[in-house]
>>> print(open('entry_14.txt').read())   # compact mmCIF, C-alpha atoms
# COMPACT_ATOMS: atom_id res chain seq x y z
CA MET A 1 24.54 35.94 -4.22
CA LYS A 2 24.04 32.23 -3.63
CA THR A 3 21.46 31.01 -1.17
CA GLN A 4 23.00 29.85 2.10
CA VAL A 5 21.66 26.84 3.99
CA ARG A 6 21.93 26.78 7.76
CA PRO A 7 20.35 24.04 9.89
CA ARG A 8 17.55 24.99 12.25
CA ARG A 9 15.19 22.98 14.41
CA SER A 10 11.57 22.44 13.51
CA ARG A 11 8.81 22.35 16.09
CA GLY A 12 9.26 18.58 16.30
CA GLY A 13 12.96 18.89 17.14
CA THR A 14 14.40 17.55 13.88
CA LYS A 15 16.88 19.64 11.94
CA GLN A 16 15.69 21.35 8.79
CA PRO A 17 17.62 23.73 6.55
CA ALA A 18 17.06 27.44 7.11
CA LEU A 19 17.21 29.31 3.82
CA ARG A 20 18.77 32.74 3.59
CA GLY A 21 18.58 34.60 0.31
CA ARG A 22 19.70 37.94 -1.02
CA GLY A 23 20.38 40.44 1.78
CA GLY A 24 20.36 37.71 4.45
CA LYS A 25 16.57 37.64 4.67
CA THR A 26 14.79 34.36 5.32
CA PRO A 27 12.25 33.57 2.57
CA PRO A 28 8.74 32.38 3.50
CA GLN A 29 8.64 28.81 4.80
CA THR A 30 6.56 27.35 2.01
CA ASP A 31 7.17 23.72 2.95
CA ARG A 32 5.76 24.01 6.48
CA LEU A 33 3.03 21.40 7.02
CA ALA A 34 -0.17 21.89 8.97
CA ASP A 35 -0.03 20.39 12.45
CA ARG A 36 -2.82 17.95 11.60
CA MET A 37 -0.52 16.10 9.19
CA GLY A 38 1.34 14.76 12.20
CA LEU A 39 -1.83 12.91 13.23
CA LEU A 40 -2.09 10.80 10.07
CA GLY A 41 -0.97 7.20 10.19
CA THR A 42 -0.26 4.87 7.29
CA GLU A 43 -0.67 1.30 6.07
CA THR A 44 2.38 -0.75 6.99
CA ALA A 45 1.56 -3.28 4.26
CA PHE A 46 2.64 -0.80 1.59
CA GLU A 47 5.81 0.11 3.48
CA VAL A 48 6.80 -3.55 3.83
CA LEU A 49 5.93 -4.13 0.16
CA ALA A 50 8.26 -1.30 -0.84
CA ARG A 51 11.14 -2.72 1.23
CA ALA A 52 10.50 -6.18 -0.14
CA LYS A 53 10.60 -4.83 -3.70
CA THR A 54 13.93 -3.14 -2.93
CA LEU A 55 15.35 -6.46 -1.75
CA GLU A 56 14.03 -8.15 -4.90
CA ALA A 57 15.66 -5.49 -7.06
CA ALA A 58 18.95 -6.34 -5.33
CA GLY A 59 18.56 -9.99 -6.35
CA ARG A 60 16.86 -11.44 -3.24
CA SER A 61 14.04 -13.95 -3.52
CA ILE A 62 11.02 -12.68 -1.57
CA ILE A 63 7.81 -14.50 -0.68
CA HIS A 64 4.99 -11.93 -0.56
CA LEU A 65 2.46 -12.58 2.20
CA GLU A 66 2.08 -8.93 3.20
CA ILE A 67 -0.26 -7.28 0.72
CA GLY A 68 -4.03 -7.75 0.91
CA GLU A 69 -5.19 -7.99 -2.68
CA PRO A 70 -6.48 -10.94 -4.69
CA ASP A 71 -3.91 -12.32 -7.11
CA PHE A 72 -6.66 -13.15 -9.61
CA ASP A 73 -7.20 -11.02 -12.68
CA THR A 74 -10.35 -8.95 -13.08
CA PRO A 75 -12.95 -11.11 -14.89
CA GLU A 76 -12.96 -10.62 -18.66
CA HIS A 77 -16.58 -9.46 -18.96
CA ILE A 78 -15.84 -6.61 -16.52
CA LYS A 79 -12.75 -5.50 -18.45
CA GLU A 80 -14.65 -5.67 -21.71
CA ALA A 81 -17.41 -3.48 -20.27
CA ALA A 82 -14.83 -0.81 -19.39
CA ILE A 83 -13.20 -1.00 -22.82
CA ARG A 84 -16.57 -0.72 -24.52
CA ALA A 85 -17.47 2.23 -22.29
CA LEU A 86 -14.30 4.05 -23.31
CA ARG A 87 -15.10 3.49 -26.97
CA ASP A 88 -18.69 4.64 -26.41
CA GLY A 89 -17.57 7.96 -24.94
CA TYR A 90 -17.84 7.38 -21.19
CA THR A 91 -14.92 9.73 -20.63
CA HIS A 92 -16.65 12.74 -19.10
CA TYR A 93 -18.00 13.95 -15.77
CA THR A 94 -20.76 12.05 -14.02
CA PRO A 95 -22.98 13.13 -11.11
CA ALA A 96 -20.94 13.43 -7.92
CA ALA A 97 -22.89 10.62 -6.23
CA GLY A 98 -22.34 8.32 -9.20
CA MET A 99 -24.20 7.42 -12.37
CA LEU A 100 -27.84 6.56 -11.80
CA GLU A 101 -27.44 3.21 -13.60
CA LEU A 102 -24.68 2.11 -11.23
CA ARG A 103 -26.46 3.37 -8.12
CA GLU A 104 -29.52 1.40 -9.20
CA ALA A 105 -27.40 -1.73 -9.68
CA ILE A 106 -25.79 -1.26 -6.25
CA ALA A 107 -29.19 -0.67 -4.62
CA GLU A 108 -30.53 -3.89 -6.17
CA TYR A 109 -27.44 -5.85 -5.09
CA VAL A 110 -27.33 -4.53 -1.52
CA GLY A 111 -31.08 -4.92 -1.11
CA ARG A 112 -30.86 -8.54 -2.25
CA THR A 113 -27.77 -9.52 -0.25
CA ARG A 114 -28.70 -7.70 2.99
CA GLY A 115 -32.45 -8.10 2.84
CA ILE A 116 -33.19 -4.38 3.17
CA ALA A 117 -35.03 -1.78 1.09
CA VAL A 118 -32.47 0.33 -0.78
CA GLY A 119 -32.92 2.89 -3.56
CA PRO A 120 -30.37 4.79 -5.63
CA ASP A 121 -30.76 7.82 -3.36
CA HIS A 122 -29.17 5.74 -0.56
CA VAL A 123 -25.99 5.18 -2.59
CA VAL A 124 -22.84 7.25 -3.12
CA VAL A 125 -20.13 5.95 -5.47
CA THR A 126 -16.52 6.89 -4.71
CA PRO A 127 -13.04 6.23 -6.17
CA GLY A 128 -12.29 3.32 -3.85
CA ALA A 129 -14.05 2.58 -0.57
CA LYS A 130 -11.75 4.62 1.70
CA PRO A 131 -13.41 7.95 0.82
CA ILE A 132 -16.63 6.66 2.40
CA MET A 133 -14.73 6.11 5.64
CA PHE A 134 -13.17 9.57 5.45
CA PHE A 135 -16.31 11.43 4.35
CA VAL A 136 -18.58 9.80 6.93
CA MET A 137 -16.27 10.90 9.74
CA LEU A 138 -15.99 14.39 8.29
CA ALA A 139 -19.75 14.66 7.99
CA LEU A 140 -20.74 13.27 11.38
CA VAL A 141 -17.92 13.68 13.90
CA ASN A 142 -16.84 16.92 15.54
CA PRO A 143 -13.48 17.50 17.26
CA GLY A 144 -13.67 15.92 20.71
CA ASP A 145 -16.35 13.40 19.73
CA GLU A 146 -15.52 9.74 20.13
CA VAL A 147 -15.11 7.07 17.46
CA VAL A 148 -15.13 3.45 18.64
CA TYR A 149 -13.00 1.24 16.39
CA PRO A 150 -11.76 -2.38 16.49
CA ASP A 151 -8.26 -3.08 17.84
CA PRO A 152 -6.62 -4.86 16.13
CA GLY A 153 -8.20 -3.40 13.03
CA PHE A 154 -7.66 -1.64 9.73
CA PRO A 155 -5.24 1.17 10.71
CA ILE A 156 -6.96 3.90 8.69
CA TYR A 157 -9.95 3.91 11.07
CA GLU A 158 -7.88 5.32 13.92
CA SER A 159 -5.76 7.45 11.59
CA VAL A 160 -8.71 9.33 10.11
CA ALA A 161 -10.42 9.74 13.49
CA ARG A 162 -7.31 11.41 14.91
CA PHE A 163 -6.88 13.53 11.80
CA ILE A 164 -10.31 15.13 12.17
CA GLY A 165 -9.74 15.81 15.87
CA ALA A 166 -11.91 13.02 17.27
CA ARG A 167 -10.96 10.80 20.19
CA PRO A 168 -10.43 7.21 18.99
CA VAL A 169 -11.70 4.63 21.51
CA PRO A 170 -10.35 1.10 20.91
CA TRP A 171 -12.70 -1.88 21.02
CA THR A 172 -10.48 -4.83 21.86
CA LEU A 173 -10.92 -8.02 19.80
CA ARG A 174 -9.82 -11.16 21.63
CA GLU A 175 -8.38 -14.43 20.41
CA ASP A 176 -10.58 -16.47 22.78
CA ARG A 177 -13.61 -15.30 20.76
CA GLU A 178 -11.85 -15.97 17.45
CA PHE A 179 -11.64 -12.17 17.21
CA ARG A 180 -15.40 -11.67 17.02
CA ALA A 181 -16.12 -8.27 18.51
CA ASP A 182 -17.67 -8.68 21.99
CA PRO A 183 -20.87 -6.63 22.42
CA GLU A 184 -20.26 -6.31 26.17
CA ASP A 185 -16.92 -4.64 25.52
CA LEU A 186 -18.73 -2.22 23.21
CA ARG A 187 -21.20 -1.42 25.99
CA LYS A 188 -18.26 -0.31 28.16
CA ALA A 189 -16.65 1.70 25.34
CA VAL A 190 -19.73 3.71 24.33
CA GLY A 191 -20.23 7.01 26.13
CA PRO A 192 -22.11 10.31 25.81
CA ARG A 193 -19.58 11.63 23.27
CA THR A 194 -19.68 8.54 21.03
CA ARG A 195 -20.83 9.47 17.52
CA LEU A 196 -19.51 6.61 15.40
CA VAL A 197 -18.99 2.87 15.97
CA ILE A 198 -16.99 0.97 13.34
CA LEU A 199 -17.66 -2.69 12.55
CA ASN A 200 -15.67 -4.83 10.14
CA SER A 201 -16.83 -8.34 9.32
CA PRO A 202 -15.24 -10.41 7.86
CA HIS A 203 -12.39 -8.69 9.60
CA ASN A 204 -8.99 -7.42 8.54
CA PRO A 205 -6.50 -8.46 9.93
CA THR A 206 -7.89 -11.27 12.11
CA ALA A 207 -10.45 -12.85 9.73
CA GLY A 208 -13.03 -12.91 12.53
CA VAL A 209 -16.68 -12.98 11.44
CA LEU A 210 -19.60 -11.64 13.46
CA SER A 211 -22.53 -13.99 14.03
CA ARG A 212 -26.16 -12.96 13.67
CA ARG A 213 -26.45 -12.95 17.46
CA ASP A 214 -23.41 -10.65 17.67
CA VAL A 215 -24.87 -8.03 15.33
CA GLU A 216 -28.25 -8.19 17.08
CA ASP A 217 -26.58 -7.61 20.46
CA ILE A 218 -24.54 -4.73 19.05
CA ALA A 219 -27.70 -3.27 17.56
CA GLY A 220 -29.35 -3.38 20.97
CA ILE A 221 -26.55 -1.24 22.41
CA VAL A 222 -26.56 1.51 19.76
CA ARG A 223 -30.26 1.55 18.84
CA GLY A 224 -31.89 4.90 19.61
CA ARG A 225 -28.63 6.64 20.54
CA PRO A 226 -27.14 9.49 18.47
CA ILE A 227 -24.63 7.00 17.05
CA THR A 228 -24.02 5.94 13.47
CA VAL A 229 -22.55 2.51 12.75
CA LEU A 230 -19.99 2.41 9.93
CA SER A 231 -20.17 -1.21 8.81
CA ASP A 232 -17.14 -2.11 6.69
CA GLU A 233 -18.40 -5.04 4.61
CA ILE A 234 -15.71 -5.07 1.92
CA TYR A 235 -15.05 -8.82 2.51
CA SER A 236 -18.71 -9.86 2.78
CA ARG A 237 -18.56 -12.18 -0.24
CA ILE A 238 -15.33 -13.88 0.87
CA LEU A 239 -16.91 -16.17 3.44
CA TYR A 240 -16.22 -19.86 4.09
CA ASP A 241 -18.61 -20.81 6.86
CA GLY A 242 -22.16 -19.77 7.72
CA THR A 243 -23.91 -16.75 6.25
CA PHE A 244 -23.00 -13.09 6.27
CA SER A 245 -24.93 -10.83 8.64
CA SER A 246 -25.08 -7.07 8.20
CA ILE A 247 -26.18 -4.91 11.11
CA ALA A 248 -28.17 -2.87 8.57
CA SER A 249 -30.54 -5.86 8.28
CA VAL A 250 -31.42 -5.79 12.01
CA PRO A 251 -34.86 -4.18 12.39
CA GLY A 252 -34.57 -0.49 13.19
CA LEU A 253 -30.85 -0.21 12.40
CA GLN A 254 -30.77 0.60 8.68
CA GLU A 255 -31.18 4.35 9.29
CA GLN A 256 -28.31 4.28 11.79
CA THR A 257 -25.96 2.32 9.53
CA VAL A 258 -23.58 3.23 6.73
CA ILE A 259 -22.52 0.19 4.68
CA LEU A 260 -19.04 0.53 3.22
CA ASP A 261 -18.38 -1.81 0.30
CA GLY A 262 -16.68 -1.91 -3.06
CA PHE A 263 -15.38 -3.98 -5.93
CA SER A 264 -11.70 -4.41 -5.01
CA LYS A 265 -11.81 -7.70 -3.09
CA THR A 266 -14.85 -9.45 -4.52
CA TYR A 267 -14.04 -8.85 -8.19
CA ALA A 268 -10.23 -8.51 -7.98
CA MET A 269 -10.48 -4.84 -8.94
CA THR A 270 -8.06 -3.21 -6.48
CA GLY A 271 -6.51 -0.99 -9.15
CA TRP A 272 -9.84 0.19 -10.54
CA ARG A 273 -10.61 2.30 -7.44
CA LEU A 274 -14.33 1.78 -7.27
CA GLY A 275 -16.23 1.74 -3.98
CA TYR A 276 -19.51 2.90 -2.52
CA GLY A 277 -21.47 3.67 0.62
CA VAL A 278 -25.11 2.88 1.36
CA MET A 279 -26.78 5.14 3.93
CA ARG A 280 -29.85 7.22 4.76
CA PRO A 281 -30.59 9.60 1.87
CA SER A 282 -30.08 12.76 3.94
CA LEU A 283 -26.52 11.69 4.77
CA ALA A 284 -25.91 10.49 1.20
CA ALA A 285 -26.61 14.02 -0.02
CA ARG A 286 -23.95 15.37 2.33
CA ILE A 287 -21.41 12.72 1.31
CA ALA A 288 -22.06 13.64 -2.34
CA GLN A 289 -21.35 17.25 -1.37
CA LEU A 290 -17.97 16.17 -0.02
CA MET A 291 -17.36 14.38 -3.33
CA VAL A 292 -18.05 17.64 -5.17
CA ASN A 293 -15.47 19.38 -3.03
CA SER A 294 -12.78 16.71 -3.39
CA ASN A 295 -12.93 14.31 -6.33
CA SER A 296 -15.81 15.78 -8.35
CA CYS A 297 -16.85 12.28 -9.41
CA THR A 298 -15.68 8.72 -10.01
CA ALA A 299 -14.41 7.80 -13.48
CA ALA A 300 -17.34 7.03 -15.80
CA PHE A 301 -15.88 3.99 -17.55
CA THR A 302 -15.04 2.29 -14.24
CA GLN A 303 -18.64 2.81 -13.17
CA MET A 304 -19.78 0.99 -16.27
CA ALA A 305 -17.45 -1.84 -15.32
CA GLY A 306 -19.10 -1.89 -11.89
CA ILE A 307 -22.52 -2.41 -13.47
CA ALA A 308 -21.14 -5.38 -15.41
CA ALA A 309 -19.60 -6.79 -12.23
CA LEU A 310 -22.85 -6.70 -10.26
CA ARG A 311 -25.22 -7.76 -13.02
CA GLY A 312 -22.95 -10.16 -14.88
CA PRO A 313 -21.99 -13.78 -14.14
CA GLN A 314 -20.72 -14.47 -10.61
CA ASP A 315 -18.97 -17.80 -11.25
CA SER A 316 -15.53 -16.16 -11.13
CA VAL A 317 -16.27 -15.00 -7.57
CA ASP A 318 -17.33 -18.50 -6.57
CA ARG A 319 -14.12 -19.99 -8.04
CA MET A 320 -11.98 -17.41 -6.29
CA VAL A 321 -13.58 -18.05 -2.90
CA ALA A 322 -13.21 -21.82 -3.36
CA GLU A 323 -9.51 -21.35 -4.08
CA PHE A 324 -9.10 -19.07 -1.07
CA ARG A 325 -10.68 -21.78 1.07
CA ARG A 326 -8.07 -24.27 -0.20
CA ARG A 327 -5.27 -21.82 0.54
CA ARG A 328 -6.72 -21.09 3.97
CA ASP A 329 -6.49 -24.77 4.89
CA VAL A 330 -2.92 -25.02 3.63
CA ILE A 331 -1.68 -21.96 5.53
CA THR A 332 -3.48 -22.64 8.81
CA ASP A 333 -2.49 -26.31 8.86
CA GLY A 334 1.09 -25.33 8.09
CA LEU A 335 1.24 -22.59 10.73
CA THR A 336 -0.17 -24.78 13.51
CA ARG A 337 2.55 -27.35 12.83
CA LEU A 338 5.27 -24.80 13.57
CA PRO A 339 6.62 -24.80 17.13
CA GLY A 340 5.42 -21.85 19.18
CA VAL A 341 2.65 -20.89 16.73
CA ARG A 342 -1.10 -20.98 17.37
CA CYS A 343 -3.65 -20.12 14.65
CA PHE A 344 -7.42 -20.50 14.39
CA ARG A 345 -9.00 -21.35 11.04
CA PRO A 346 -10.36 -18.15 9.43
CA HIS A 347 -14.05 -17.94 8.55
CA GLY A 348 -13.71 -15.16 5.98
CA ALA A 349 -11.41 -12.69 4.16
CA PHE A 350 -7.96 -14.02 3.14
CA TYR A 351 -5.76 -13.48 6.19
CA ALA A 352 -4.25 -15.72 8.83
CA PHE A 353 -3.52 -14.09 12.19
CA PRO A 354 -1.37 -16.52 14.18
CA SER A 355 -0.20 -15.97 17.74
CA VAL A 356 3.61 -16.14 17.97
CA ARG A 357 3.99 -14.93 21.56
CA ALA A 358 5.87 -18.08 22.45
CA ILE A 359 8.52 -17.14 19.87
CA ASP A 360 8.68 -13.39 20.49
CA PRO A 361 5.89 -11.04 21.62
CA ASP A 362 7.75 -8.23 19.83
CA THR A 363 6.37 -9.11 16.44
CA GLY A 364 7.80 -5.99 14.82
CA ARG A 365 11.24 -7.42 15.48
CA LEU A 366 10.17 -10.85 14.21
CA GLN A 367 8.65 -9.28 11.08
CA GLU A 368 11.95 -7.60 10.22
CA TYR A 369 13.92 -10.78 10.85
CA LEU A 370 11.71 -12.87 8.59
CA LEU A 371 11.96 -10.30 5.80
CA ASN A 372 15.70 -9.68 5.97
CA GLU A 373 16.92 -13.17 6.84
CA ALA A 374 14.31 -15.54 5.39
CA GLY A 375 12.95 -13.47 2.53
CA VAL A 376 9.34 -13.65 3.74
CA ALA A 377 7.33 -10.41 3.72
CA LEU A 378 4.47 -10.39 6.24
CA LEU A 379 3.13 -7.96 8.84
CA SER A 380 3.39 -7.56 12.58
CA GLY A 381 0.05 -7.50 14.31
CA THR A 382 1.02 -4.16 15.83
CA ALA A 383 0.56 -2.61 12.38
CA PHE A 384 -3.15 -2.95 13.22
CA GLY A 385 -3.12 -1.63 16.79
CA VAL A 386 -1.58 -2.31 20.17
CA GLN A 387 -3.77 -5.39 20.67
CA GLY A 388 -1.99 -6.97 17.71
CA ARG A 389 1.15 -7.45 19.81
CA GLY A 390 2.18 -11.09 19.74
CA PHE A 391 0.50 -11.80 16.39
CA LEU A 392 1.49 -11.78 12.73
CA ARG A 393 -0.73 -11.22 9.70
CA LEU A 394 -0.18 -13.35 6.62
CA SER A 395 -2.17 -12.80 3.43
CA TYR A 396 -2.93 -15.99 1.55
CA ALA A 397 -4.05 -14.12 -1.56
CA THR A 398 -1.30 -15.93 -3.45
CA SER A 399 -0.72 -19.42 -4.82
CA VAL A 400 -0.47 -22.60 -2.76
CA GLU A 401 3.09 -23.04 -4.02
CA VAL A 402 4.11 -19.61 -2.73
CA ILE A 403 2.36 -20.24 0.61
CA THR A 404 4.09 -23.60 1.01
CA GLU A 405 7.51 -22.12 0.30
CA GLY A 406 6.81 -19.25 2.69
CA LEU A 407 5.88 -21.67 5.46
CA ARG A 408 9.03 -23.68 4.84
CA ARG A 409 11.18 -20.57 5.14
CA ILE A 410 9.38 -19.38 8.27
CA GLY A 411 9.84 -22.78 9.90
CA GLN A 412 13.53 -22.81 9.07
CA ALA A 413 13.98 -19.23 10.23
CA ILE A 414 12.38 -19.59 13.66
CA GLU A 415 14.66 -22.55 14.40
CA HIS A 416 17.52 -20.04 14.32
CA TYR A 417 15.69 -17.13 15.91
CA THR A 418 16.37 -15.64 19.33
CA PRO A 419 14.17 -12.98 20.96
CA SER A 420 17.02 -10.50 20.67
CA GLY A 421 16.46 -10.65 16.91
CA ARG A 422 20.03 -11.75 16.36
CA GLY A 423 19.31 -15.18 15.00
CA ARG A 424 21.68 -16.76 12.51
CA SER A 425 21.03 -15.86 8.90
CA VAL A 426 18.84 -18.23 6.93
CA GLN A 427 19.76 -18.75 3.31
CA ALA A 428 16.60 -18.31 1.28
CA PRO A 429 16.75 -20.16 -2.05
CA VAL A 430 15.98 -18.33 -5.26
CA VAL A 431 12.37 -18.92 -6.32
CA ARG A 432 11.82 -18.08 -9.96
CA ALA A 433 8.46 -16.58 -10.86
CA SER A 434 7.92 -19.32 -13.43
CA SER A 435 8.33 -22.05 -10.79
CA VAL A 436 5.73 -20.68 -8.37
CA LYS A 437 2.41 -20.56 -10.23
CA SER A 438 -1.16 -20.55 -9.07
CA ARG A 439 -3.22 -23.62 -9.89
CA VAL A 440 -6.21 -21.37 -10.50
CA SER A 441 -7.48 -21.40 -14.06
CA ALA A 442 -8.30 -17.67 -13.95
CA PRO A 443 -5.55 -15.38 -15.24
CA ARG A 444 -3.59 -13.60 -12.54
CA TYR A 445 -1.08 -10.84 -12.14
CA ARG A 446 1.50 -9.86 -9.57
CA ARG A 447 2.34 -6.35 -8.48
>>> encode(input="entry_14.txt", output="structure tokens")
Amino acid sequence: MKTQVRPRRSRGGTKQPALRGRGGKTPPQTDRLADRMGLLGTETAFEVLARAKTLEAAGRSIIHLEIGEPDFDTPEHIKEAAIRALRDGYTHYTPAAGMLELREAIAEYVGRTRGIAVGPDHVVVTPGAKPIMFFVMLALVNPGDEVVYPDPGFPIYESVARFIGARPVPWTLREDREFRADPEDLRKAVGPRTRLVILNSPHNPTAGVLSRRDVEDIAGIVRGRPITVLSDEIYSRILYDGTFSSIASVPGLQEQTVILDGFSKTYAMTGWRLGYGVMRPSLAARIAQLMVNSNSCTAAFTQMAGIAALRGPQDSVDRMVAEFRRRRDVITDGLTRLPGVRCFRPHGAFYAFPSVRAIDPDTGRLQEYLLNEAGVALLSGTAFGVQGRGFLRLSYATSVEVITEGLRRIGQAIEHYTPSGRGRSVQAPVVRASSVKSRVSAPRYRR
């Protein structure tokens, strides 16, 4: 007897097939998801990238300003270290917290760059930096506790907080402060149930950078409370003005701080999946325990590459940051020349976050129009929280030629745009890959 399929309604109201097998009995519902899966969010950048790739496959020319990864290649000495490690047999398990040699290198690097005392027992190495975010919340936050996070901000902060049953409390970042988190707003957001406060500087998506005074004022609010600060410092080396300040370097705050960092942005190693957290040793032991129960360990040969990255020459990082500075000037100057667009000059990271309220505060609608009609892939600010309404995020981790063409298309498109989203189509010219090259001497790749 063939299985019959009859529609039924799931708990969420959408129709799903009801299976009936031999004898008319309904088999077990093996595809039913746990309720908590409905709490997880996503990263819109990857969704827009997928749609843009579909348009490209259909023959459209697309300018990619949506994805946040350096277009430089991983430096040669780092790749060679990984290749050598593979040949030398680094293909087996390592300690869950990471190889001692890498944890020592990270401790030396973080101690030098943040001006704090760090040992290998403070460090946990993970496959990418996101596990630190996830594990820290799992280890420290109970259901009903509060997590204060920046809005706009990296969407996974709120997503993970909701997933574990915490109450996410937004900390609004404002354009009039160039998106530097305001300590007084934090004072209002912190309450008796607050267990975690998330900082991100330089900031994604706004490119705001906290000053030393900012981090000292924030430290004064959380010091002595049962609150841990998760300081996302993944862009700390991509800085154009001033010096980087970590809240962990404020006297008395190191024990309350978890530094989240990694190799993806600084060394153009997004595909290597190599990150780490630096924290008090008692918490590091618990985070390593979560590693045992999830990933077991991080790949050995990538850890050897991490040692080469930290202890090897840094001139490739300096060249990359210098080129990002040049691109920053091109994109911000170009955006501010467009009618209805306002954009401050970023101090770090590689994102521009222009206000386009005068064109259309519904930036989700504008994002779709620019992709479908102008062939420019970028992100609505609402992909990063409700406070992103009226803004767009553009990644300038691509060549000056691509940025210039993208700005030209955006300018042409908004001339035809109406807030209803029914602007006249804009013919985007074909841009061959060979005609849009980076002027950077370092080798590069495109996804």
>>> closest_atom_pairs(input="entry_14.txt", of="stretch 73-173 of chain A", to="stretch 381-405 of chain A", cutoff="6 Å", atoms="all atoms listed in the file", output="CSV")
residue,atom,partner,partner_atom,distance
A:Asp151,CA,A:Gly385,CA,5.4
A:Pro152,CA,A:Gly385,CA,4.8
A:Gly153,CA,A:Phe384,CA,5.1
A:Phe154,CA,A:Phe384,CA,5.9
A:Pro155,CA,A:Phe384,CA,5.3
>>> residues_around(input="entry_14.txt", residues="A:Glu255", least_positions_apart="5", cutoff="8 Å", atoms="all atoms listed in the file", output="ChimeraX atom specification")
/A:248,279-280
>>> atom_distance(input="entry_14.txt", atom1="atom CA of A:Val222", atom2="atom CA of A:Phe344")
29.7 Å
>>> residues_around(input="entry_14.txt", residues="A:Arg408", least_positions_apart="6", cutoff="10 Å", atoms="only C-alpha atoms", output="ChimeraX atom specification")
/A:334-335,338,374,402,428
>>> atom_distance(input="entry_14.txt", atom1="atom CA of A:Phe163", atom2="atom CA of A:Met133")
12.4 Å
>>> closest_residue(input="entry_14.txt", among="A:Lys188, A:Thr266, A:Arg114, A:Gln303", to="A:Thr243", atoms="only C-alpha atoms")
A:Arg114
>>> residues_around(input="entry_14.txt", residues="A:Ile106", least_positions_apart="5", cutoff="9 Å", atoms="all atoms listed in the file", output="ChimeraX atom specification")
/A:101,111,118-120,123,276,278,306-307,310
>>> closest_residue(input="entry_14.txt", among="A:Arg325, A:Ile331, A:Gly275, A:Ala308", to="A:Gly128", atoms="all atoms listed in the file")
A:Gly275
>>> atom_distance(input="entry_14.txt", atom1="atom CA of A:Gly165", atom2="atom CA of A:Ala219")
26.3 Å
>>> residues_around(input="entry_14.txt", residues="stretch 292-296 of chain A", least_positions_apart="5", cutoff="9 Å", atoms="only C-alpha atoms", output="PyMOL selection string")
chain A and resi 93-97+126-127+287
>>> write_last_selection(input="entry_14.txt", atoms="C-alpha atoms", output="PDB file, in the frame of the given file")
ATOM      1  CA  TYR A  93     -18.000  13.950 -15.770  1.00  0.00           C
ATOM      2  CA  THR A  94     -20.760  12.050 -14.020  1.00  0.00           C
ATOM      3  CA  PRO A  95     -22.980  13.130 -11.110  1.00  0.00           C
ATOM      4  CA  ALA A  96     -20.940  13.430  -7.920  1.00  0.00           C
ATOM      5  CA  ALA A  97     -22.890  10.620  -6.230  1.00  0.00           C
ATOM      6  CA  THR A 126     -16.520   6.890  -4.710  1.00  0.00           C
ATOM      7  CA  PRO A 127     -13.040   6.230  -6.170  1.00  0.00           C
ATOM      8  CA  ILE A 287     -21.410  12.720   1.310  1.00  0.00           C
TER       9      ILE A 287
END
>>> residues_around(input="entry_14.txt", residues="A:Pro131", least_positions_apart="5", cutoff="12 Å", atoms="only C-alpha atoms", output="PyMOL selection string")
chain A and resi 124-126+136-139+156-157+160+260-262+273-277+287-288+290-291+294-295+297-298
>>> closest_residue(input="entry_14.txt", among="A:Leu173, A:Ile62, A:Ile83, A:Ala268", to="A:Pro205", atoms="only C-alpha atoms")
A:Leu173
>>> residues_near_point(input="entry_14.txt", point="(-8.7, 10.3, 21.9)", cutoff="12 Å", atoms="only C-alpha atoms", output="short mmCIF file (atom, residue, chain, number, x, y, z; two decimals) with C-alpha atoms, keeping the file's coordinate frame")
data_model
loop_
_atom_site.label_atom_id
_atom_site.label_comp_id
_atom_site.auth_asym_id
_atom_site.auth_seq_id
_atom_site.Cartn_x
_atom_site.Cartn_y
_atom_site.Cartn_z
CA LEU A 39 -1.83 12.91 13.23
CA PRO A 143 -13.48 17.50 17.26
CA GLY A 144 -13.67 15.92 20.71
CA ASP A 145 -16.35 13.40 19.73
CA GLU A 146 -15.52 9.74 20.13
CA VAL A 147 -15.11 7.07 17.46
CA VAL A 148 -15.13 3.45 18.64
CA TYR A 149 -13.00 1.24 16.39
CA GLU A 158 -7.88 5.32 13.92
CA SER A 159 -5.76 7.45 11.59
CA VAL A 160 -8.71 9.33 10.11
CA ALA A 161 -10.42 9.74 13.49
CA ARG A 162 -7.31 11.41 14.91
CA PHE A 163 -6.88 13.53 11.80
CA ILE A 164 -10.31 15.13 12.17
CA GLY A 165 -9.74 15.81 15.87
CA ALA A 166 -11.91 13.02 17.27
CA ARG A 167 -10.96 10.80 20.19
CA PRO A 168 -10.43 7.21 18.99
CA VAL A 169 -11.70 4.63 21.51
CA PRO A 170 -10.35 1.10 20.91
CA ARG A 193 -19.58 11.63 23.27
CA THR A 194 -19.68 8.54 21.03
#
